$ cat target_9.txt   # compact mmCIF, C-alpha atoms
# COMPACT_ATOMS: atom_id res chain seq x y z
CA MET N 1 -18.31 -25.69 -7.38
CA LYS N 2 -19.26 -22.15 -8.39
CA PRO N 3 -16.51 -19.56 -9.03
CA PHE N 4 -17.15 -17.51 -5.88
CA ILE N 5 -17.41 -20.57 -3.66
CA ARG N 6 -14.30 -22.07 -5.27
CA ALA N 7 -12.27 -18.86 -4.82
CA THR N 8 -13.31 -18.52 -1.19
CA ALA N 9 -12.49 -22.14 -0.42
CA LEU N 10 -9.12 -21.86 -2.15
CA ALA N 11 -8.22 -18.67 -0.28
CA LEU N 12 -9.20 -20.23 3.02
CA ALA N 13 -7.28 -23.44 2.34
CA THR N 14 -4.21 -21.45 1.31
CA THR N 15 -4.36 -19.31 4.45
CA VAL N 16 -4.64 -22.31 6.72
CA ALA N 17 -1.89 -24.21 4.87
CA LEU N 18 0.51 -21.27 5.07
CA ALA N 19 -0.24 -20.81 8.74
CA ALA N 20 0.48 -24.49 9.32
CA CYS N 21 3.84 -24.19 7.56
CA GLU N 22 5.06 -21.24 9.60
CA LYS N 23 7.62 -22.15 12.23
CA PRO N 24 6.89 -20.89 15.75
CA ALA N 25 9.37 -18.47 17.26
CA GLN N 26 12.03 -20.30 19.27
CA LYS N 27 12.21 -19.79 23.02
CA PRO N 28 15.47 -18.45 24.48
CA ALA N 29 17.95 -21.21 25.24
CA GLY N 30 18.07 -22.32 28.85
CA ASP N 31 14.49 -21.27 29.68
CA ALA N 32 13.50 -24.79 30.70
CA LYS N 33 10.58 -23.70 32.84
CA THR N 34 8.93 -21.75 30.01
CA THR N 35 9.62 -24.54 27.53
CA GLU N 36 8.02 -27.17 29.72
CA ALA N 37 5.00 -24.94 30.36
CA ASP N 38 4.49 -24.53 26.64
CA LYS N 39 4.52 -28.27 26.02
CA ALA N 40 1.44 -30.46 26.07
CA ALA N 41 1.52 -33.99 27.41
CA ASP N 42 2.16 -35.40 23.93
CA GLY N 43 5.13 -33.08 23.37
CA LYS N 44 3.29 -30.65 21.07
CA THR N 45 2.95 -26.93 21.74
CA ALA N 46 0.01 -26.10 23.97
CA TYR N 47 -2.26 -23.13 23.27
CA PRO N 48 -4.35 -21.83 26.21
CA GLY N 49 -8.01 -22.59 25.60
CA LEU N 50 -7.25 -24.78 22.58
CA PRO N 51 -6.07 -28.12 23.95
CA THR N 52 -6.59 -30.25 20.84
CA GLU N 53 -5.36 -30.03 17.27
CA LYS N 54 -8.96 -29.97 16.05
CA GLU N 55 -9.73 -26.90 18.14
CA GLN N 56 -6.52 -25.20 17.09
CA VAL N 57 -7.21 -25.76 13.39
CA SER N 58 -10.83 -24.66 13.86
CA TYR N 59 -9.72 -21.46 15.55
CA ALA N 60 -7.14 -20.75 12.84
CA ILE N 61 -9.85 -21.12 10.18
CA GLY N 62 -12.10 -18.77 12.14
CA MET N 63 -9.31 -16.22 12.36
CA ALA N 64 -8.77 -16.34 8.60
CA MET N 65 -12.47 -15.87 7.91
CA GLY N 66 -12.80 -13.17 10.56
CA LYS N 67 -9.92 -11.22 9.08
CA SER N 68 -11.57 -11.16 5.65
CA LEU N 69 -14.87 -10.03 7.20
CA SER N 70 -13.28 -7.33 9.37
CA GLU N 71 -12.43 -5.03 6.46
CA PRO N 72 -14.25 -1.72 7.11
CA GLU N 73 -16.12 -1.83 3.80
CA VAL N 74 -17.37 -5.36 4.50
CA LYS N 75 -17.88 -5.34 8.26
CA ASP N 76 -20.92 -3.05 8.20
CA GLU N 77 -22.54 -5.15 5.48
CA VAL N 78 -22.34 -8.51 7.25
CA ASN N 79 -24.31 -10.04 10.12
CA LEU N 80 -21.96 -12.40 11.92
CA ASP N 81 -24.76 -14.49 13.45
CA THR N 82 -26.14 -15.17 9.99
CA VAL N 83 -22.67 -16.13 8.75
CA VAL N 84 -22.41 -18.67 11.57
CA LYS N 85 -25.90 -19.98 10.74
CA ALA N 86 -24.86 -20.59 7.13
CA LEU N 87 -21.60 -22.25 8.24
CA ARG N 88 -23.48 -24.66 10.48
CA ALA N 89 -25.93 -25.54 7.73
CA GLN N 90 -23.11 -26.26 5.27
CA VAL N 91 -20.88 -28.18 7.68
CA ASP N 92 -23.63 -30.16 9.41
CA GLY N 93 -25.36 -31.07 6.18
CA GLY N 94 -28.54 -29.18 6.98
CA LYS N 95 -30.78 -27.59 4.42
CA PRO N 96 -29.40 -24.14 3.50
CA LEU N 97 -31.75 -21.19 3.00
CA LEU N 98 -30.17 -20.50 -0.40
CA ASN N 99 -29.05 -22.74 -3.22
CA GLU N 100 -25.71 -22.16 -4.98
CA GLU N 101 -27.27 -20.25 -7.86
CA GLN N 102 -29.03 -17.88 -5.49
CA ALA N 103 -25.87 -17.41 -3.43
CA GLN N 104 -23.89 -16.67 -6.58
CA GLU N 105 -26.46 -14.09 -7.70
CA ILE N 106 -26.41 -12.39 -4.31
CA MET N 107 -22.62 -12.27 -4.20
CA GLN N 108 -22.41 -10.84 -7.71
CA ALA N 109 -24.81 -8.04 -6.75
CA PHE N 110 -22.89 -7.51 -3.50
CA GLY N 111 -19.60 -7.35 -5.41
CA GLN N 112 -21.02 -4.66 -7.70
CA LYS N 113 -22.28 -2.73 -4.69
CA MET N 114 -18.91 -2.89 -2.97
CA GLN N 115 -17.10 -1.88 -6.14
CA ALA N 116 -19.36 1.16 -6.52
CA LYS N 117 -18.77 2.00 -2.87
CA MET N 118 -15.01 1.81 -3.31
CA VAL N 119 -15.14 3.95 -6.47
CA ALA N 120 -17.18 6.60 -4.67
CA LYS N 121 -14.74 6.56 -1.76
CA ALA N 122 -11.76 6.90 -4.11
CA MET N 123 -13.41 9.81 -5.93
CA ALA N 124 -14.11 11.62 -2.67
CA GLU N 125 -10.52 11.02 -1.54
CA ALA N 126 -9.19 12.27 -4.86
CA GLN N 127 -11.24 15.47 -4.63
CA GLU N 128 -10.13 16.10 -1.07
CA ASN N 129 -6.46 15.47 -1.90
CA GLN N 130 -6.69 17.80 -4.91
CA LYS N 131 -8.26 20.53 -2.80
CA LYS N 132 -5.60 20.24 -0.09
CA GLY N 133 -2.79 20.14 -2.63
CA ASP N 134 -4.01 23.22 -4.52
CA ALA N 135 -4.41 25.20 -1.30
CA PHE N 136 -0.93 24.24 -0.11
CA LEU N 137 0.74 25.10 -3.41
CA ALA N 138 -0.96 28.50 -3.53
CA GLU N 139 0.51 29.39 -0.13
CA ASN N 140 3.85 27.69 -0.73
CA ALA N 141 4.45 29.75 -3.87
CA LYS N 142 4.60 32.88 -1.70
CA LYS N 143 7.47 31.62 0.45
CA PRO N 144 11.01 32.98 -0.04
CA GLY N 145 13.20 30.78 -2.22
CA VAL N 146 10.31 28.82 -3.75
CA LYS N 147 10.08 29.06 -7.53
CA THR N 148 7.13 27.98 -9.68
CA THR N 149 7.50 26.87 -13.30
CA ALA N 150 4.92 27.36 -16.06
CA SER N 151 3.64 23.81 -15.53
CA GLY N 152 2.97 24.42 -11.83
CA LEU N 153 6.01 22.55 -10.51
CA GLN N 154 7.50 24.24 -7.45
CA TYR N 155 11.10 23.88 -6.32
CA GLN N 156 13.66 25.26 -3.91
CA VAL N 157 17.42 25.06 -4.26
CA LEU N 158 18.93 23.56 -1.12
CA THR N 159 22.40 23.09 -2.57
CA GLU N 160 23.46 24.36 -6.01
CA GLY N 161 25.92 22.11 -7.82
CA LYS N 162 28.33 23.10 -10.57
CA GLY N 163 28.04 20.10 -12.89
CA ALA N 164 26.14 19.55 -16.11
CA LYS N 165 22.35 19.32 -16.29
CA PRO N 166 20.71 16.13 -17.55
CA LYS N 167 18.55 15.98 -20.66
CA ALA N 168 15.20 14.22 -20.90
CA THR N 169 16.88 11.36 -22.77
CA ASP N 170 19.50 10.82 -20.05
CA GLY N 171 19.46 8.65 -16.98
CA VAL N 172 20.28 9.94 -13.54
CA LYS N 173 21.92 8.67 -10.39
CA VAL N 174 20.13 10.17 -7.40
CA HIS N 175 19.51 10.00 -3.70
CA TYR N 176 15.97 11.01 -2.79
CA GLN N 177 13.02 10.68 -0.49
CA GLY N 178 9.36 11.34 -1.20
CA THR N 179 6.41 12.11 1.06
CA VAL N 180 2.77 13.03 0.57
CA LEU N 181 1.39 16.30 1.94
CA ASP N 182 0.12 14.82 5.21
CA GLY N 183 2.75 12.10 5.42
CA LYS N 184 5.20 11.90 8.28
CA GLU N 185 7.24 9.04 6.86
CA PRO N 186 8.57 8.79 3.29
CA PHE N 187 6.63 6.49 0.97
CA ASP N 188 9.87 5.97 -0.95
CA SER N 189 13.48 6.65 0.01
CA SER N 190 16.82 5.66 -1.47
CA TYR N 191 18.38 6.74 1.82
CA LYS N 192 16.49 4.02 3.67
CA ARG N 193 17.61 1.46 1.10
CA GLY N 194 21.19 2.54 1.69
CA GLU N 195 22.15 3.16 -1.93
CA PRO N 196 21.39 5.72 -4.65
CA ALA N 197 18.96 4.93 -7.45
CA VAL N 198 19.76 4.93 -11.16
CA MET N 199 16.84 5.53 -13.51
CA PRO N 200 16.06 6.91 -16.97
CA LEU N 201 14.26 10.26 -16.95
CA GLN N 202 11.89 8.96 -19.60
CA GLY N 203 10.59 6.41 -17.10
CA VAL N 204 9.63 8.72 -14.21
CA ILE N 205 6.72 11.04 -13.42
CA PRO N 206 6.50 14.36 -15.37
CA GLY N 207 7.43 16.42 -12.31
CA TRP N 208 10.72 14.57 -12.07
CA VAL N 209 11.38 14.83 -15.81
CA GLU N 210 11.03 18.61 -15.62
CA GLY N 211 12.63 19.10 -12.23
CA LEU N 212 15.76 17.02 -12.72
CA GLN N 213 16.59 18.92 -15.90
CA LEU N 214 16.84 22.08 -13.79
CA MET N 215 19.52 20.56 -11.55
CA PRO N 216 23.28 20.68 -12.16
CA VAL N 217 25.11 17.58 -10.94
CA GLY N 218 26.00 18.03 -7.27
CA SER N 219 22.75 19.86 -6.48
CA LYS N 220 20.07 19.10 -3.91
CA TYR N 221 16.59 20.45 -4.62
CA LYS N 222 13.24 20.22 -2.93
CA PHE N 223 10.26 19.72 -5.23
CA TRP N 224 6.55 20.17 -4.64
CA ILE N 225 4.87 18.27 -7.45
CA PRO N 226 1.18 18.85 -8.25
CA ALA N 227 -0.94 15.73 -8.74
CA LYS N 228 -1.20 16.37 -12.49
CA LEU N 229 2.61 16.11 -12.72
CA ALA N 230 2.73 13.06 -10.43
CA TYR N 231 0.42 10.04 -10.51
CA GLY N 232 -2.95 11.79 -10.63
CA GLU N 233 -5.95 9.60 -9.93
CA GLN N 234 -4.03 6.43 -10.84
CA ALA N 235 -1.65 6.65 -7.91
CA PRO N 236 -0.65 3.47 -6.06
CA PRO N 237 -2.40 2.78 -2.72
CA THR N 238 0.68 3.82 -0.73
CA ILE N 239 0.27 7.34 -2.15
CA GLY N 240 -3.44 7.87 -2.82
CA PRO N 241 -5.29 9.53 -5.70
CA ASN N 242 -4.47 13.12 -6.67
CA GLN N 243 -1.80 13.48 -4.02
CA MET N 244 0.65 16.33 -4.30
CA LEU N 245 4.12 14.90 -3.73
CA ILE N 246 7.11 16.38 -1.94
CA PHE N 247 10.59 15.21 -2.90
CA GLU N 248 14.10 16.05 -1.78
CA VAL N 249 16.51 14.99 -4.52
CA GLU N 250 20.29 14.94 -4.75
CA LEU N 251 21.61 14.64 -8.31
CA LEU N 252 24.81 12.63 -8.01
CA ASP N 253 25.55 11.95 -11.65
CA ILE N 254 24.21 11.79 -15.20
CA VAL N 255 23.99 8.38 -16.82
CA LYS N 256 24.17 8.54 -20.60
CA PRO N 257 22.12 6.10 -22.69
CA GLY N 258 24.03 2.88 -23.29
CA ALA N 259 26.50 3.55 -20.47
CA GLY N 260 27.79 0.37 -18.90
CA LYS N 261 26.69 -1.89 -21.77
$ encode --input "target_9.txt" --output "structure tokens"
Amino acid sequence: MKPFIRATALALATTVALAACEKPAQKPAGDAKTTEADKAADGKTAYPGLPTEKEQVSYAIGMAMGKSLSEPEVKDEVNLDTVVKALRAQVDGGKPLLNEEQAQEIMQAFGQKMQAKMVAKAMAEAQENQKKGDAFLAENAKKPGVKTTASGLQYQVLTEGKGAKPKATDGVKVHYQGTVLDGKEPFDSSYKRGEPAVMPLQGVIPGWVEGLQLMPVGSKYKFWIPAKLAYGEQAPPTIGPNQMLIFEVELLDIVKPGAGK
């Protein structure tokens, strides 16, 4: 079996197996009428339009395949009728229009095409995010209370503490939440997790390394971090390339190296 065919078959088998292992949600106790209606004659759960196990399994396999083909980048490149034609030829033992070598060659070329398409999309997104971030920072710098450092980091003091300031070699105990420029919900939040985070400053993004060293313990600052001081083009998918980040950070304590060991 060729690598692409093997990987596809394995993914499909795994999807179906996991679906088979999932337990159905239990009905509320005492709802005898609903329970009986959901039972087939043999005592198994009935699914409208799918009376037999064979049809249920077949439909589950179709759902798994359909989900993989419904991705926006793939959907426009695939003719569903032709997919069904190939499935019938393979399952029924008919003569396929392509041999495995030809199919492998086509899929390799398609994979390269899709990769190039995704790269182009990411580059366009990165350029757009950079443009939006630069425009926002230029206007934000004019607002009262917003300070800009030599690196381009912007910050505003929400609460000024009276404790010591951490050094780059220290760790910090903080409460924080971070959003992207157009984000309504935080992509990361210690508040949502219900406990502060402890981390070394040497292990965080440059904007944090610089910004936290400005804060006395007990302070709460708001930071606007340019992409170059955040994750740049290598940002995780939950953030996006070249995103300017907005953080509200409370510095609760300084954690010295080796503390607690």
$ closest_residue --input "target_9.txt" --among "N:Glu101, N:Asp92, N:Asp253, N:Glu160" --to "N:Met199" --atoms "only C-alpha atoms"
N:Asp253
$ atom_distance --input "target_9.txt" --atom1 "atom CA of N:Lys162" --atom2 "atom CA of N:Trp208"
19.6 Å
$ residues_around --input "target_9.txt" --residues "N:Gly183" --least-positions-apart "3" --cutoff "10 Å" --atoms "all atoms listed in the file" --output "PyMOL selection string"
chain N and resi 178-180+186-187+239+245-246
$ atom_distance --input "target_9.txt" --atom1 "atom CA of N:Glu125" --atom2 "atom CA of N:Val209"
26.4 Å
$ atom_distance --input "target_9.txt" --atom1 "atom CA of N:Tyr231" --atom2 "atom CA of N:Gln127"
14.1 Å
$ residues_around --input "target_9.txt" --residues "N:Glu128" --least-positions-apart "4" --cutoff "12 Å" --atoms "all atoms listed in the file" --output "count of residues only"
16
$ residues_around --input "target_9.txt" --residues "N:Pro206" --least-positions-apart "4" --cutoff "7 Å" --atoms "only C-alpha atoms" --output "PyMOL selection string"
chain N and resi 210+229-230
$ closest_residue --input "target_9.txt" --among "N:Val249, N:Val157, N:Val74, N:Val83" --to "N:Ser189" --atoms "all atoms listed in the file"
N:Val249
$ residues_around --input "target_9.txt" --residues "N:Leu137" --least-positions-apart "3" --cutoff "8 Å" --atoms "only C-alpha atoms" --output "number ranges by chain"
N: 133-134, 140-141, 154, 224, 226
$ residues_around --input "target_9.txt" --residues "N:Gly171" --least-positions-apart "6" --cutoff "7 Å" --atoms "all atoms listed in the file" --output "list in words"
Val198, Met199, Pro200, Leu201, Ile254, Val255, Lys256 and Pro257 of chain N
$ closest_residue --input "target_9.txt" --among "N:Ser70, N:Thr82, N:Ser219, N:Gln202" --to "N:Leu158" --atoms "all atoms listed in the file"
N:Ser219
$ build_atoms --input "target_9.txt" --residues "stretch 171-186 of chain N" --atoms "N, CA, C and O atoms" --output "PDB file, in the coordinates of the input"
ATOM      1  N   GLY N 171      19.793   9.262 -18.251  1.00  0.00           N
ATOM      2  CA  GLY N 171      19.460   8.650 -16.980  1.00  0.00           C
ATOM      3  C   GLY N 171      20.123   9.448 -15.882  1.00  0.00           C
ATOM      4  O   GLY N 171      20.991  10.297 -16.142  1.00  0.00           O
ATOM      5  N   VAL N 172      19.701   9.208 -14.657  1.00  0.00           N
ATOM      6  CA  VAL N 172      20.280   9.940 -13.540  1.00  0.00           C
ATOM      7  C   VAL N 172      20.589   8.996 -12.388  1.00  0.00           C
ATOM      8  O   VAL N 172      19.941   7.965 -12.217  1.00  0.00           O
ATOM      9  N   LYS N 173      21.595   9.364 -11.627  1.00  0.00           N
ATOM     10  CA  LYS N 173      21.920   8.670 -10.390  1.00  0.00           C
ATOM     11  C   LYS N 173      21.589   9.622  -9.254  1.00  0.00           C
ATOM     12  O   LYS N 173      22.165  10.715  -9.173  1.00  0.00           O
ATOM     13  N   VAL N 174      20.657   9.242  -8.392  1.00  0.00           N
ATOM     14  CA  VAL N 174      20.130  10.170  -7.400  1.00  0.00           C
ATOM     15  C   VAL N 174      19.963   9.509  -6.035  1.00  0.00           C
ATOM     16  O   VAL N 174      19.793   8.294  -5.925  1.00  0.00           O
ATOM     17  N   HIS N 175      20.002  10.350  -5.027  1.00  0.00           N
ATOM     18  CA  HIS N 175      19.510  10.000  -3.700  1.00  0.00           C
ATOM     19  C   HIS N 175      18.259  10.854  -3.502  1.00  0.00           C
ATOM     20  O   HIS N 175      18.229  12.042  -3.860  1.00  0.00           O
ATOM     21  N   TYR N 176      17.223  10.268  -2.916  1.00  0.00           N
ATOM     22  CA  TYR N 176      15.970  11.010  -2.790  1.00  0.00           C
ATOM     23  C   TYR N 176      15.092  10.409  -1.711  1.00  0.00           C
ATOM     24  O   TYR N 176      15.275   9.275  -1.277  1.00  0.00           O
ATOM     25  N   GLN N 177      14.107  11.210  -1.309  1.00  0.00           N
ATOM     26  CA  GLN N 177      13.020  10.680  -0.490  1.00  0.00           C
ATOM     27  C   GLN N 177      11.752  11.455  -0.855  1.00  0.00           C
ATOM     28  O   GLN N 177      11.799  12.647  -1.174  1.00  0.00           O
ATOM     29  N   GLY N 178      10.622  10.739  -0.826  1.00  0.00           N
ATOM     30  CA  GLY N 178       9.360  11.340  -1.200  1.00  0.00           C
ATOM     31  C   GLY N 178       8.300  11.141  -0.148  1.00  0.00           C
ATOM     32  O   GLY N 178       8.201  10.060   0.444  1.00  0.00           O
ATOM     33  N   THR N 179       7.516  12.189   0.108  1.00  0.00           N
ATOM     34  CA  THR N 179       6.410  12.110   1.060  1.00  0.00           C
ATOM     35  C   THR N 179       5.166  12.712   0.418  1.00  0.00           C
ATOM     36  O   THR N 179       5.257  13.478  -0.550  1.00  0.00           O
ATOM     37  N   VAL N 180       4.006  12.367   0.971  1.00  0.00           N
ATOM     38  CA  VAL N 180       2.770  13.030   0.570  1.00  0.00           C
ATOM     39  C   VAL N 180       2.573  14.222   1.502  1.00  0.00           C
ATOM     40  O   VAL N 180       3.296  14.393   2.482  1.00  0.00           O
ATOM     41  N   LEU N 181       1.580  15.045   1.206  1.00  0.00           N
ATOM     42  CA  LEU N 181       1.390  16.300   1.940  1.00  0.00           C
ATOM     43  C   LEU N 181       1.215  16.068   3.434  1.00  0.00           C
ATOM     44  O   LEU N 181       1.811  16.766   4.251  1.00  0.00           O
ATOM     45  N   ASP N 182       0.390  15.087   3.799  1.00  0.00           N
ATOM     46  CA  ASP N 182       0.120  14.820   5.210  1.00  0.00           C
ATOM     47  C   ASP N 182       0.985  13.693   5.771  1.00  0.00           C
ATOM     48  O   ASP N 182       0.756  13.236   6.898  1.00  0.00           O
ATOM     49  N   GLY N 183       1.956  13.242   4.999  1.00  0.00           N
ATOM     50  CA  GLY N 183       2.750  12.100   5.420  1.00  0.00           C
ATOM     51  C   GLY N 183       3.898  12.483   6.330  1.00  0.00           C
ATOM     52  O   GLY N 183       4.589  13.471   6.097  1.00  0.00           O
ATOM     53  N   LYS N 184       4.091  11.675   7.370  1.00  0.00           N
ATOM     54  CA  LYS N 184       5.200  11.900   8.280  1.00  0.00           C
ATOM     55  C   LYS N 184       6.416  11.074   7.883  1.00  0.00           C
ATOM     56  O   LYS N 184       7.554  11.452   8.117  1.00  0.00           O
ATOM     57  N   GLU N 185       6.160   9.918   7.295  1.00  0.00           N
ATOM     58  CA  GLU N 185       7.240   9.040   6.860  1.00  0.00           C
ATOM     59  C   GLU N 185       7.280   8.989   5.334  1.00  0.00           C
ATOM     60  O   GLU N 185       6.238   9.027   4.675  1.00  0.00           O
ATOM     61  N   PRO N 186       8.472   8.884   4.749  1.00  0.00           N
ATOM     62  CA  PRO N 186       8.570   8.790   3.290  1.00  0.00           C
ATOM     63  C   PRO N 186       7.880   7.541   2.757  1.00  0.00           C
ATOM     64  O   PRO N 186       7.969   6.475   3.367  1.00  0.00           O
TER      65      PRO N 186
END
